[in-house]
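Here's query_20.cif, which has mmCIF, C-alpha atoms and all ligand atoms:
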data_run
loop_
_atom_site.label_atom_id
_atom_site.label_comp_id
_atom_site.auth_asym_id
_atom_site.auth_seq_id
_atom_site.Cartn_x
_atom_site.Cartn_y
_atom_site.Cartn_z
CA MET A 1410 20.32 -43.31 -80.46
CA LEU A 1411 20.10 -40.78 -77.63
CA SER A 1412 19.95 -42.27 -74.15
CA VAL A 1413 19.54 -40.86 -70.67
CA ARG A 1414 20.20 -42.49 -67.29
CA ALA A 1415 17.74 -40.85 -64.90
CA PRO A 1416 18.19 -41.58 -61.18
CA ALA A 1417 15.68 -42.64 -58.58
CA THR A 1418 14.89 -39.98 -56.01
CA SER A 1419 13.61 -39.74 -52.47
CA ALA A 1420 11.13 -36.94 -51.79
CA ASN A 1421 9.97 -35.26 -48.56
CA LEU A 1422 12.82 -36.45 -46.29
CA GLY A 1423 10.29 -36.26 -43.45
CA SER A 1424 10.37 -32.54 -42.68
CA GLY A 1425 10.03 -31.29 -46.29
CA PHE A 1426 6.72 -32.68 -47.54
CA ASP A 1427 6.28 -31.77 -51.22
CA VAL A 1428 9.40 -29.55 -50.97
CA PHE A 1429 12.60 -31.57 -50.39
CA GLY A 1430 14.09 -34.22 -52.66
CA VAL A 1431 17.40 -35.97 -53.30
CA ALA A 1432 18.83 -37.82 -56.30
CA LEU A 1433 20.10 -41.33 -55.50
CA GLY A 1434 23.10 -43.10 -57.04
CA THR A 1435 21.01 -46.25 -57.62
CA PRO A 1436 18.61 -47.46 -58.96
CA ALA A 1437 17.88 -45.59 -62.24
CA ASP A 1438 15.75 -45.73 -65.39
CA VAL A 1439 17.32 -45.65 -68.87
CA ILE A 1440 15.34 -43.83 -71.56
CA ARG A 1441 16.23 -44.17 -75.28
CA VAL A 1442 14.62 -41.95 -77.91
CA GLU A 1443 14.54 -41.51 -81.68
CA ARG A 1444 12.42 -39.14 -83.76
CA ALA A 1445 9.11 -40.52 -85.07
CA PRO A 1446 5.89 -39.06 -86.53
CA GLU A 1447 3.91 -40.22 -83.48
CA THR A 1448 4.91 -41.17 -79.96
CA GLU A 1449 5.21 -44.90 -79.29
CA ILE A 1450 6.42 -46.29 -75.98
CA THR A 1451 7.89 -49.65 -74.96
CA VAL A 1452 8.59 -50.51 -71.33
CA THR A 1453 10.90 -53.25 -70.01
CA GLY A 1454 12.53 -53.93 -66.64
CA ALA A 1455 11.41 -53.66 -63.00
CA GLY A 1456 7.63 -53.68 -62.65
CA SER A 1457 7.13 -53.06 -66.38
CA GLN A 1458 3.99 -55.23 -66.33
CA TYR A 1459 2.29 -52.52 -64.22
CA ILE A 1460 3.23 -49.61 -66.49
CA PRO A 1461 1.01 -48.64 -69.42
CA GLU A 1462 2.63 -48.20 -72.85
CA ASP A 1463 -0.24 -45.97 -73.99
CA PRO A 1464 1.31 -42.46 -74.33
CA ASP A 1465 -1.82 -40.95 -72.75
CA GLN A 1466 -1.18 -42.94 -69.56
CA ASN A 1467 2.60 -42.96 -69.32
CA THR A 1468 4.54 -40.06 -67.78
CA VAL A 1469 6.90 -39.94 -70.78
CA GLY A 1470 3.91 -39.48 -73.11
CA ALA A 1471 2.92 -36.38 -71.15
CA VAL A 1472 6.48 -35.06 -71.46
CA ALA A 1473 6.60 -35.73 -75.23
CA ASP A 1474 3.32 -33.80 -75.57
CA ALA A 1475 4.55 -30.91 -73.45
CA LEU A 1476 7.71 -30.59 -75.57
CA ASP A 1477 5.83 -31.24 -78.84
CA ALA A 1478 8.46 -33.94 -79.47
CA PRO A 1479 6.97 -37.16 -80.86
CA ALA A 1480 9.37 -40.12 -80.64
CA HIS A 1481 9.87 -43.82 -80.28
CA ILE A 1482 10.69 -44.04 -76.59
CA GLU A 1483 12.17 -47.13 -74.91
CA ILE A 1484 11.96 -47.17 -71.13
CA ASP A 1485 14.19 -49.63 -69.29
CA LYS A 1486 12.91 -49.50 -65.72
CA GLY A 1487 15.43 -49.77 -62.91
CA VAL A 1488 13.09 -48.00 -60.49
CA ARG A 1489 10.09 -50.15 -59.57
CA PRO A 1490 6.74 -48.31 -59.78
CA SER A 1491 4.84 -47.40 -56.59
CA SER A 1492 8.05 -47.69 -54.59
CA GLY A 1493 8.50 -44.25 -53.05
CA LEU A 1494 11.64 -43.90 -55.14
CA GLY A 1495 10.21 -41.58 -57.77
CA SER A 1496 9.68 -44.26 -60.41
CA SER A 1497 7.25 -42.27 -62.53
CA ALA A 1498 9.42 -39.17 -62.07
CA ALA A 1499 12.66 -40.89 -63.18
CA SER A 1500 11.06 -41.78 -66.51
CA ALA A 1501 9.60 -38.29 -66.91
CA ALA A 1502 12.89 -36.57 -66.08
CA GLY A 1503 14.84 -38.89 -68.39
CA ALA A 1504 12.39 -38.31 -71.24
CA ALA A 1505 12.52 -34.54 -70.71
CA VAL A 1506 16.33 -34.49 -71.01
CA ALA A 1507 16.36 -36.91 -73.97
CA LEU A 1508 13.61 -35.21 -76.00
CA ASN A 1509 14.96 -31.72 -75.28
CA ALA A 1510 18.25 -32.85 -76.85
CA LEU A 1511 16.64 -34.86 -79.66
CA TYR A 1512 14.60 -31.86 -80.86
CA ASP A 1513 17.17 -29.17 -79.91
CA ARG A 1514 14.63 -27.39 -77.74
CA GLY A 1515 17.41 -25.67 -75.81
CA LEU A 1516 15.70 -25.73 -72.41
CA SER A 1517 17.87 -25.68 -69.29
CA ARG A 1518 17.56 -28.38 -66.64
CA GLU A 1519 15.66 -25.87 -64.45
CA GLU A 1520 13.27 -25.14 -67.32
CA LEU A 1521 12.67 -28.87 -67.76
CA VAL A 1522 11.36 -29.23 -64.17
CA PRO A 1523 7.76 -28.05 -64.92
CA VAL A 1524 7.82 -30.05 -68.17
CA ALA A 1525 8.70 -33.29 -66.38
CA ALA A 1526 6.19 -32.48 -63.62
CA GLU A 1527 3.41 -32.79 -66.24
CA GLY A 1528 4.04 -36.55 -66.04
CA GLU A 1529 3.51 -36.50 -62.26
CA ALA A 1530 0.20 -34.69 -62.72
CA LEU A 1531 -0.87 -37.54 -64.98
CA VAL A 1532 -0.22 -40.31 -62.44
CA SER A 1533 -0.77 -38.72 -59.03
CA GLY A 1534 -3.22 -35.94 -59.87
CA VAL A 1535 -0.83 -33.17 -58.79
CA ALA A 1536 2.17 -31.76 -60.68
CA HIS A 1537 4.41 -32.06 -57.62
CA ALA A 1538 8.02 -31.53 -58.72
CA ASP A 1539 9.89 -32.80 -55.67
CA ASN A 1540 10.95 -36.00 -57.47
CA VAL A 1541 11.55 -34.68 -61.00
CA ALA A 1542 13.68 -31.75 -59.73
CA PRO A 1543 16.40 -33.88 -58.09
CA SER A 1544 16.30 -36.43 -60.92
CA LEU A 1545 17.01 -33.58 -63.37
CA LEU A 1546 19.39 -31.47 -61.27
CA GLY A 1547 21.03 -33.96 -58.91
CA GLY A 1548 21.93 -33.42 -55.25
CA PHE A 1549 19.41 -31.95 -52.79
CA THR A 1550 16.58 -29.82 -54.12
CA ILE A 1551 14.06 -27.49 -52.51
CA VAL A 1552 10.96 -26.92 -54.65
CA THR A 1553 8.63 -24.00 -53.91
CA ASP A 1554 6.15 -22.00 -55.99
CA ASP A 1555 8.99 -19.55 -56.70
CA GLY A 1556 11.29 -22.15 -58.26
CA VAL A 1557 13.93 -24.72 -57.38
CA THR A 1558 17.02 -24.30 -55.18
CA GLN A 1559 19.68 -26.98 -55.60
CA VAL A 1560 22.80 -27.90 -53.67
CA ASP A 1561 25.25 -30.69 -54.49
CA ALA A 1562 25.55 -33.24 -51.69
CA SER A 1563 26.92 -36.75 -51.22
CA ILE A 1564 25.21 -37.93 -48.02
CA PRO A 1565 25.33 -41.77 -47.63
CA VAL A 1566 21.90 -43.40 -47.56
CA VAL A 1567 20.22 -46.80 -47.48
CA VAL A 1568 16.80 -47.23 -49.05
CA CYS A 1569 15.02 -50.42 -48.12
CA LEU A 1570 12.21 -51.40 -50.47
CA PRO A 1571 9.67 -53.94 -49.16
CA GLU A 1572 7.69 -56.17 -51.50
CA ILE A 1573 4.52 -54.16 -51.04
CA THR A 1574 3.22 -51.31 -53.16
CA VAL A 1575 1.76 -47.97 -52.10
CA SER A 1576 0.40 -45.76 -54.85
CA THR A 1577 1.27 -42.09 -54.54
CA ARG A 1578 -2.30 -41.18 -55.44
CA ASP A 1579 -3.64 -43.25 -52.49
CA ALA A 1580 -0.94 -42.00 -50.10
CA ARG A 1581 -1.84 -38.40 -50.98
CA GLY A 1582 -5.44 -39.15 -50.07
CA ILE A 1583 -4.51 -39.66 -46.38
CA VAL A 1584 -2.50 -36.47 -45.96
CA PRO A 1585 -4.12 -34.47 -43.12
CA GLU A 1586 -5.57 -31.09 -44.09
CA THR A 1587 -4.31 -29.28 -40.99
CA ALA A 1588 -1.38 -29.48 -38.57
CA SER A 1589 -0.93 -28.28 -35.00
CA MET A 1590 1.31 -25.29 -34.32
CA THR A 1591 3.54 -27.52 -32.15
CA ASP A 1592 4.11 -29.89 -35.06
CA VAL A 1593 4.68 -27.04 -37.49
CA VAL A 1594 7.31 -25.44 -35.22
CA GLU A 1595 9.11 -28.78 -34.77
CA THR A 1596 9.03 -29.47 -38.50
CA VAL A 1597 10.35 -26.02 -39.47
CA GLY A 1598 13.26 -26.44 -37.04
CA ASN A 1599 14.07 -29.87 -38.43
CA ALA A 1600 13.79 -28.71 -42.06
CA ALA A 1601 16.26 -25.91 -41.36
CA THR A 1602 18.65 -28.33 -39.64
CA LEU A 1603 18.43 -30.77 -42.57
CA THR A 1604 19.12 -28.02 -45.10
CA VAL A 1605 22.28 -26.93 -43.28
CA GLY A 1606 23.29 -30.59 -43.09
CA MET A 1607 22.99 -30.99 -46.84
CA ALA A 1608 25.02 -27.83 -47.46
CA ARG A 1609 27.74 -29.12 -45.10
CA ASP A 1610 27.51 -32.77 -46.24
CA ASP A 1611 26.88 -33.73 -42.62
CA PRO A 1612 24.89 -36.98 -42.10
CA GLU A 1613 24.31 -36.18 -38.41
CA LEU A 1614 22.47 -32.94 -39.14
CA VAL A 1615 20.57 -34.42 -42.10
CA GLY A 1616 19.41 -37.42 -40.05
CA ARG A 1617 18.43 -35.25 -37.09
CA GLY A 1618 16.48 -32.94 -39.39
CA MET A 1619 14.22 -35.60 -40.90
CA GLY A 1620 11.76 -35.85 -37.99
CA SER A 1621 8.20 -34.64 -38.47
CA GLU A 1622 4.82 -35.46 -37.00
CA ILE A 1623 3.17 -33.98 -40.10
CA VAL A 1624 2.29 -36.57 -42.82
CA THR A 1625 5.01 -39.11 -41.89
CA PRO A 1626 3.01 -40.98 -39.18
CA GLU A 1627 0.02 -41.47 -41.51
CA ARG A 1628 2.30 -42.69 -44.31
CA ALA A 1629 4.32 -44.97 -41.98
CA ALA A 1630 1.09 -46.67 -40.89
CA LEU A 1631 0.69 -47.97 -44.47
CA ILE A 1632 4.02 -49.82 -44.23
CA ASP A 1633 3.85 -53.06 -42.19
CA GLY A 1634 6.92 -53.33 -39.96
CA PHE A 1635 7.93 -49.65 -40.33
CA ASP A 1636 8.51 -49.00 -36.60
CA ALA A 1637 10.66 -52.10 -36.15
CA VAL A 1638 12.64 -51.37 -39.32
CA SER A 1639 13.23 -47.79 -38.22
CA GLU A 1640 14.34 -48.81 -34.72
CA ALA A 1641 16.69 -51.46 -36.10
CA ALA A 1642 18.29 -48.99 -38.52
CA LEU A 1643 18.84 -46.42 -35.75
CA GLU A 1644 20.43 -49.10 -33.54
CA ALA A 1645 22.78 -50.03 -36.40
CA GLY A 1646 23.99 -46.44 -36.66
CA ALA A 1647 21.49 -44.60 -38.87
CA THR A 1648 21.31 -40.91 -37.97
CA GLY A 1649 17.68 -40.65 -39.13
CA VAL A 1650 14.96 -42.74 -40.75
CA THR A 1651 11.81 -41.75 -42.59
CA VAL A 1652 9.33 -42.82 -45.26
CA SER A 1653 10.80 -42.35 -48.75
CA GLY A 1654 8.35 -40.28 -50.80
CA ALA A 1655 4.88 -41.71 -50.46
CA GLY A 1656 6.34 -45.10 -49.39
CA PRO A 1657 6.68 -48.02 -49.08
CA GLY A 1658 10.45 -47.43 -49.41
CA VAL A 1659 12.14 -46.56 -46.12
CA LEU A 1660 15.07 -44.13 -46.20
CA ALA A 1661 17.90 -44.21 -43.65
CA VAL A 1662 20.73 -41.67 -43.54
CA CYS A 1663 24.02 -42.82 -42.04
CA HIS A 1664 27.80 -42.59 -42.23
CA ALA A 1665 29.34 -44.49 -45.16
CA ASP A 1666 30.93 -47.13 -42.89
CA ASP A 1667 27.54 -48.01 -41.39
CA ARG A 1668 25.67 -48.55 -44.67
CA GLN A 1669 26.12 -52.31 -44.82
CA ALA A 1670 25.01 -52.90 -41.21
CA VAL A 1671 22.02 -50.57 -41.60
CA ALA A 1672 20.95 -52.29 -44.84
CA GLY A 1673 21.25 -55.78 -43.32
CA THR A 1674 19.28 -54.96 -40.21
CA MET A 1675 16.48 -53.24 -42.16
CA ILE A 1676 16.07 -56.32 -44.38
CA ASP A 1677 16.05 -58.56 -41.28
CA ALA A 1678 13.41 -56.42 -39.56
CA PHE A 1679 11.12 -56.53 -42.61
CA ASP A 1680 11.74 -60.27 -42.77
CA ASP A 1681 10.62 -60.60 -39.11
CA ALA A 1682 7.40 -58.85 -40.13
CA GLY A 1683 6.95 -61.44 -42.89
CA ILE A 1684 7.86 -59.08 -45.73
CA GLU A 1685 10.63 -59.60 -48.26
CA SER A 1686 12.67 -56.55 -49.11
CA ARG A 1687 15.83 -55.37 -50.82
CA ALA A 1688 18.13 -52.54 -49.84
CA TYR A 1689 20.05 -50.04 -51.97
CA GLN A 1690 23.27 -48.89 -50.30
CA THR A 1691 23.84 -45.63 -52.08
CA ALA A 1692 24.31 -41.86 -51.61
CA VAL A 1693 22.91 -38.54 -52.70
CA SER A 1694 24.29 -38.24 -56.23
CA ASP A 1695 24.20 -36.58 -59.65
CA GLY A 1696 21.13 -35.97 -61.81
CA ALA A 1697 20.16 -37.38 -65.22
CA ARG A 1698 23.06 -38.10 -67.61
CA LEU A 1699 22.72 -37.89 -71.39
CA TYR A 1700 24.82 -40.10 -73.68
CA ARG A 1701 24.81 -41.48 -77.24
CA ASP A 1702 24.67 -45.28 -77.72
N1 LIG B 1 7.09 -44.31 -66.97
C1 LIG B 1 6.49 -44.69 -65.84
N2 LIG B 1 7.23 -45.23 -64.84
C2 LIG B 1 6.64 -45.66 -63.70
N3 LIG B 1 5.32 -45.59 -63.45
C3 LIG B 1 4.55 -45.04 -64.41
C4 LIG B 1 5.10 -44.56 -65.63
N4 LIG B 1 4.08 -44.06 -66.38
C5 LIG B 1 2.96 -44.24 -65.67
N5 LIG B 1 3.23 -44.84 -64.48
C6 LIG B 1 2.25 -45.17 -63.42
O1 LIG B 1 2.53 -44.39 -62.28
C7 LIG B 1 2.24 -45.12 -61.09
C8 LIG B 1 3.51 -45.17 -60.24
O2 LIG B 1 3.78 -43.91 -59.82
P1 LIG B 1 3.83 -43.55 -58.28
O3 LIG B 1 4.04 -42.08 -58.22
O4 LIG B 1 2.64 -44.16 -57.59
O5 LIG B 1 5.09 -44.35 -57.78
P2 LIG B 1 6.53 -43.85 -57.52
O6 LIG B 1 6.87 -42.89 -58.61
O7 LIG B 1 7.43 -45.01 -57.32
O8 LIG B 1 6.35 -43.19 -56.09
P3 LIG B 1 6.82 -41.86 -55.38
O9 LIG B 1 6.30 -40.74 -56.25
O10 LIG B 1 6.17 -41.96 -54.07
O11 LIG B 1 8.28 -41.85 -55.25
C9 LIG B 1 1.84 -46.50 -61.54
O12 LIG B 1 0.43 -46.54 -61.54
C10 LIG B 1 2.36 -46.61 -62.95
O13 LIG B 1 1.59 -47.46 -63.78
N1 LIG B 2 5.70 -35.30 -52.20
C1 LIG B 2 5.10 -36.41 -52.85
C2 LIG B 2 6.20 -37.29 -53.36
C3 LIG B 2 5.80 -38.61 -53.86
O1 LIG B 2 7.01 -39.29 -54.15
C4 LIG B 2 4.24 -37.15 -51.83
O2 LIG B 2 4.75 -37.43 -50.75
O3 LIG B 2 3.08 -37.43 -52.10
#
I'd like the structure from this file rewritten - as structure tokens, please.
Amino acid sequence: MLSVRAPATSANLGSGFDVFGVALGTPADVIRVERAPETEITVTGAGSQYIPEDPDQNTVGAVADALDAPAHIEIDKGVRPSSGLGSSAASAAGAAVALNALYDRGLSREELVPVAAEGEALVSGVAHADNVAPSLLGGFTIVTDDGVTQVDASIPVVVCLPEITVSTRDARGIVPETASMTDVVETVGNAATLTVGMARDDPELVGRGMGSEIVTPERAALIDGFDAVSEAALEAGATGVTVSGAGPGVLAVCHADDRQAVAGTMIDAFDDAGIESRAYQTAVSDGARLYRD
């Protein structure tokens, strides 16, 4: 059987709404495929009770259609849905890699980005590729209408995931239609700083470059305790904190030695707000990995 481990991702990174994304070392989905006359899907693992097995409603069904690659597809979820960690995208990216190999389609990882984004269109209404690109390519990715730019990076991060859900579709509904020139200028400066930080593997520059008054404040307001969690993480040594994707995950960038303290204090701050959470101490890492069971 062909299997793929497809990593969780964090999109936006504050200053790069719908543009920036990173692959995370943990958690990940595992997708197993074998040829079949019609696509059938089974889902197990984190939050599987909320994920439809109907191929017309599951991101991997959209990918199987796009590749004309019917298969029995087993999805073992490591990435909880509606987490801000690219759950739907991890499955779509994993299925794209697995089915491309299963049917010898010969598409490159870059060519699989729009294929996997078909799954995102299904669940969030827009084929945004800022989660599927890093899950497929690894590292830090910049998605624009002209294509994807990728750079390997290994920035240490903590992602704290509270026991609340925010659907990407809902969180897209509150994105403001306009932004002030002041906020645009600040965001462009921060996005440039963050990009240099990724290229240099510098957590100080990456953390400093995550600030933005565009989109992030509206998204943060959906996460009870966000301000306290952010403040606590910064006090424990985080170089920057923002909403992961559409939330409710909260992403902190830090130096490797500070990860444990940052994770502990974020969990405590959510706890003070009456919300249980768990934290992944991880780093920007590789993309989807194909192997044979
Ligand atoms: N294979 C799949 N894995 C996860 N969710 C799926 C899958 N197929 C369909 N869905 C649906 O997609 C929705 C979750 O996707 P959503 O984009 O809201 O969360 P996310 O991927 O964790 O967030 P984000 O994009 O902000 O990182 C749920 O409604 C879920 O039922
Ligand atoms: N850029 C998308 C990513 C969702 O993970 C959004 O923020 O809506």
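Closest approach to Ala1630 in chain A among A:Val1522, A:Ala1580, A:Val1560, A:Ala1647: A:Ala1580, based on all atoms listed in the file.
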Query raised in the report: List as an MDAnalysis selection string: which residues have an atom within 6 Å of (11.1, -40.4, -81.0), counting all atoms listed in the file?
Result: chainID A and resid 1442:1445 1479:1482
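Between ligand LIG 1 (chain B) and the residues A:Ile1623, A:Ala1601, A:Leu1545, A:Ala1525, the shortest atom-to-atom distance, using all atoms listed in the file, involves A:Ala1525.
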Query raised in the report: What's the 10 Å shell around range 1605-1610 of chain A, counting all atoms listed in the file, without same-chain residues fewer than 3 positions away, as an NGL selection string?
Result: :A and (1431 or 1548-1550 or 1559-1565 or 1599-1602 or 1613-1618 or 1693)
Query raised in the report: Near Ala1588 in chain A, counting only C-alpha atoms, which residues have an atom at most 12 Å away, once you skip same-chain residues fewer than 6 positions from it, shown as JSON, numbers by chain?
Result: {"A": [1594, 1595, 1596, 1621, 1622, 1623, 1624]}
Hey, which residues come within 8 Å of ligand LIG 2 (chain B) if we count only C-alpha atoms and all ligand atoms? Could you give them as a PDB file with C-alpha atoms, in the coordinates of the input?
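File result_0.pdb, as written:
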ATOM      1  CA  SER A1419      13.610 -39.740 -52.470  1.00  0.00           C
ATOM      2  CA  ALA A1420      11.130 -36.940 -51.790  1.00  0.00           C
ATOM      3  CA  ASN A1421       9.970 -35.260 -48.560  1.00  0.00           C
ATOM      4  CA  PHE A1426       6.720 -32.680 -47.540  1.00  0.00           C
ATOM      5  CA  ASP A1427       6.280 -31.770 -51.220  1.00  0.00           C
ATOM      6  CA  VAL A1428       9.400 -29.550 -50.970  1.00  0.00           C
ATOM      7  CA  GLY A1493       8.500 -44.250 -53.050  1.00  0.00           C
ATOM      8  CA  LEU A1494      11.640 -43.900 -55.140  1.00  0.00           C
ATOM      9  CA  GLY A1495      10.210 -41.580 -57.770  1.00  0.00           C
ATOM     10  CA  HIS A1537       4.410 -32.060 -57.620  1.00  0.00           C
ATOM     11  CA  ALA A1538       8.020 -31.530 -58.720  1.00  0.00           C
ATOM     12  CA  ASP A1539       9.890 -32.800 -55.670  1.00  0.00           C
ATOM     13  CA  ASN A1540      10.950 -36.000 -57.470  1.00  0.00           C
ATOM     14  CA  THR A1577       1.270 -42.090 -54.540  1.00  0.00           C
ATOM     15  CA  ARG A1578      -2.300 -41.180 -55.440  1.00  0.00           C
ATOM     16  CA  ALA A1580      -0.940 -42.000 -50.100  1.00  0.00           C
ATOM     17  CA  ARG A1581      -1.840 -38.400 -50.980  1.00  0.00           C
ATOM     18  CA  SER A1653      10.800 -42.350 -48.750  1.00  0.00           C
ATOM     19  CA  GLY A1654       8.350 -40.280 -50.800  1.00  0.00           C
ATOM     20  CA  ALA A1655       4.880 -41.710 -50.460  1.00  0.00           C
ATOM     21  CA  GLY A1656       6.340 -45.100 -49.390  1.00  0.00           C
TER      22      GLY A1656
END
Query raised in the report: Out of A:Gly1634, A:Gly1598, A:Pro1626, A:Pro1464, which residue has the shortest atom-to-atom distance to ligand LIG 1 (chain B) when counting all atoms listed in the file?
Result: A:Pro1464
Query raised in the report: Neighbours of ligand LIG 1 (chain B) within 6 Å, counting all atoms listed in the file, as JSON, numbers by chain?
Result: {"A": [1459, 1460, 1461, 1466, 1467, 1468, 1469, 1490, 1491, 1492, 1493, 1494, 1495, 1496, 1497, 1498, 1500, 1532, 1533, 1576, 1577, 1654, 1655, 1656]}
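Our summary of the geometry notes that CA of Pro1436 in chain A is positioned 27.6 Å from CA of Gly1515 in chain A.
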Requested in this report: Choose the residue, out of A:Thr1591, A:Thr1435, A:Thr1418, A:Ser1639, that has the smallest atom-to-atom separation from Val1671 in chain A; count all atoms listed in the file.
Outcome: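 Answer, going by the shortest atom-to-atom distance: A:Ser1639.
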Query raised in the report: What is the distance between CA of Asp1465 in chain A and CA of Asp1513 in chain A, in Å to one decimal?
Result: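 These atoms are spaced 23.5 Å apart.
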Query - Distance of CA of Cys1663 in chain A from CA of Val1597 in chain A, expressed in Å to one decimal place - result: 21.8 Å
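Closest approach to Ala1471 in chain A from the set A:Gln1458, A:Thr1448, A:Thr1691, A:Thr1553 is made by A:Thr1448, with distances taken over only C-alpha atoms.
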Query raised in the report: Can you find the residues with an atom no farther than 12 Å from (6.5, -31.1, -77.4), counting all atoms listed in the file, and report them as a VMD selection string?
Result: chain A and resid 1444 1447 to 1448 1469 to 1480 1504 to 1505 1507 to 1514 1516 1521 1524 to 1525 1527
Report task. For Met1619 in chain A, list every protein, DNA or RNA residue within 6 Å, evaluated using only C-alpha atoms, and leave out those in the same chain fewer than 6 positions away; present the list as a PyMOL selection string. Result -> chain A and resi 1422-1424
**Report entry** Residue with smallest distance to Leu1660 in chain A - pool A:Leu1699, A:Leu1433, A:Leu1603, A:Val1541, counting all atoms listed in the file
**Finding:**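 Looking only at the distances to Leu1660 in chain A, the closest residue turns out to be A:Leu1433.
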Is it possible to get the axis-aligned box enclosing range 1446-1451 of chain A (all listed atoms, 8 Å extra per side) as JSON, with centre and edge lengths in Å rounded to one decimal?
{"center_x": 5.9, "center_y": -44.4, "center_z": -80.7, "size_x": 20.0, "size_y": 26.6, "size_z": 27.6}
Reconstruct N, CA and C atoms of range 1586-1601 of chain A from the incomplete input and present them as a compact mmCIF listing (two decimals), in the frame of the given file.
# COMPACT_ATOMS: atom_id res chain seq x y z
N GLU A 1586 -5.39 -32.44 -43.52
CA GLU A 1586 -5.57 -31.09 -44.09
C GLU A 1586 -5.00 -30.00 -43.20
N THR A 1587 -4.84 -30.29 -41.91
CA THR A 1587 -4.31 -29.28 -40.99
C THR A 1587 -3.21 -29.89 -40.12
N ALA A 1588 -2.43 -29.01 -39.49
CA ALA A 1588 -1.38 -29.48 -38.57
C ALA A 1588 -1.37 -28.57 -37.36
N SER A 1589 -0.97 -29.11 -36.21
CA SER A 1589 -0.93 -28.28 -35.00
C SER A 1589 0.28 -27.36 -35.05
N MET A 1590 0.19 -26.23 -34.34
CA MET A 1590 1.31 -25.29 -34.32
C MET A 1590 2.56 -25.96 -33.75
N THR A 1591 2.37 -26.83 -32.73
CA THR A 1591 3.54 -27.52 -32.15
C THR A 1591 4.26 -28.33 -33.22
N ASP A 1592 3.48 -29.07 -34.02
CA ASP A 1592 4.11 -29.89 -35.06
C ASP A 1592 4.74 -29.04 -36.15
N VAL A 1593 4.11 -27.92 -36.46
CA VAL A 1593 4.68 -27.04 -37.49
C VAL A 1593 6.02 -26.47 -37.02
N VAL A 1594 6.06 -26.02 -35.75
CA VAL A 1594 7.31 -25.44 -35.22
C VAL A 1594 8.42 -26.49 -35.23
N GLU A 1595 8.10 -27.71 -34.78
CA GLU A 1595 9.11 -28.78 -34.77
C GLU A 1595 9.61 -29.06 -36.19
N THR A 1596 8.67 -29.12 -37.13
CA THR A 1596 9.03 -29.47 -38.50
C THR A 1596 9.89 -28.38 -39.15
N VAL A 1597 9.55 -27.12 -38.90
CA VAL A 1597 10.35 -26.02 -39.47
C VAL A 1597 11.78 -26.09 -38.93
N GLY A 1598 11.92 -26.33 -37.63
CA GLY A 1598 13.26 -26.44 -37.04
C GLY A 1598 14.04 -27.58 -37.67
N ASN A 1599 13.38 -28.71 -37.85
CA ASN A 1599 14.07 -29.87 -38.43
C ASN A 1599 14.42 -29.62 -39.90
N ALA A 1600 13.51 -28.98 -40.64
CA ALA A 1600 13.79 -28.71 -42.06
C ALA A 1600 15.01 -27.80 -42.21
N ALA A 1601 15.11 -26.82 -41.31
CA ALA A 1601 16.26 -25.91 -41.36
C ALA A 1601 17.54 -26.67 -41.03
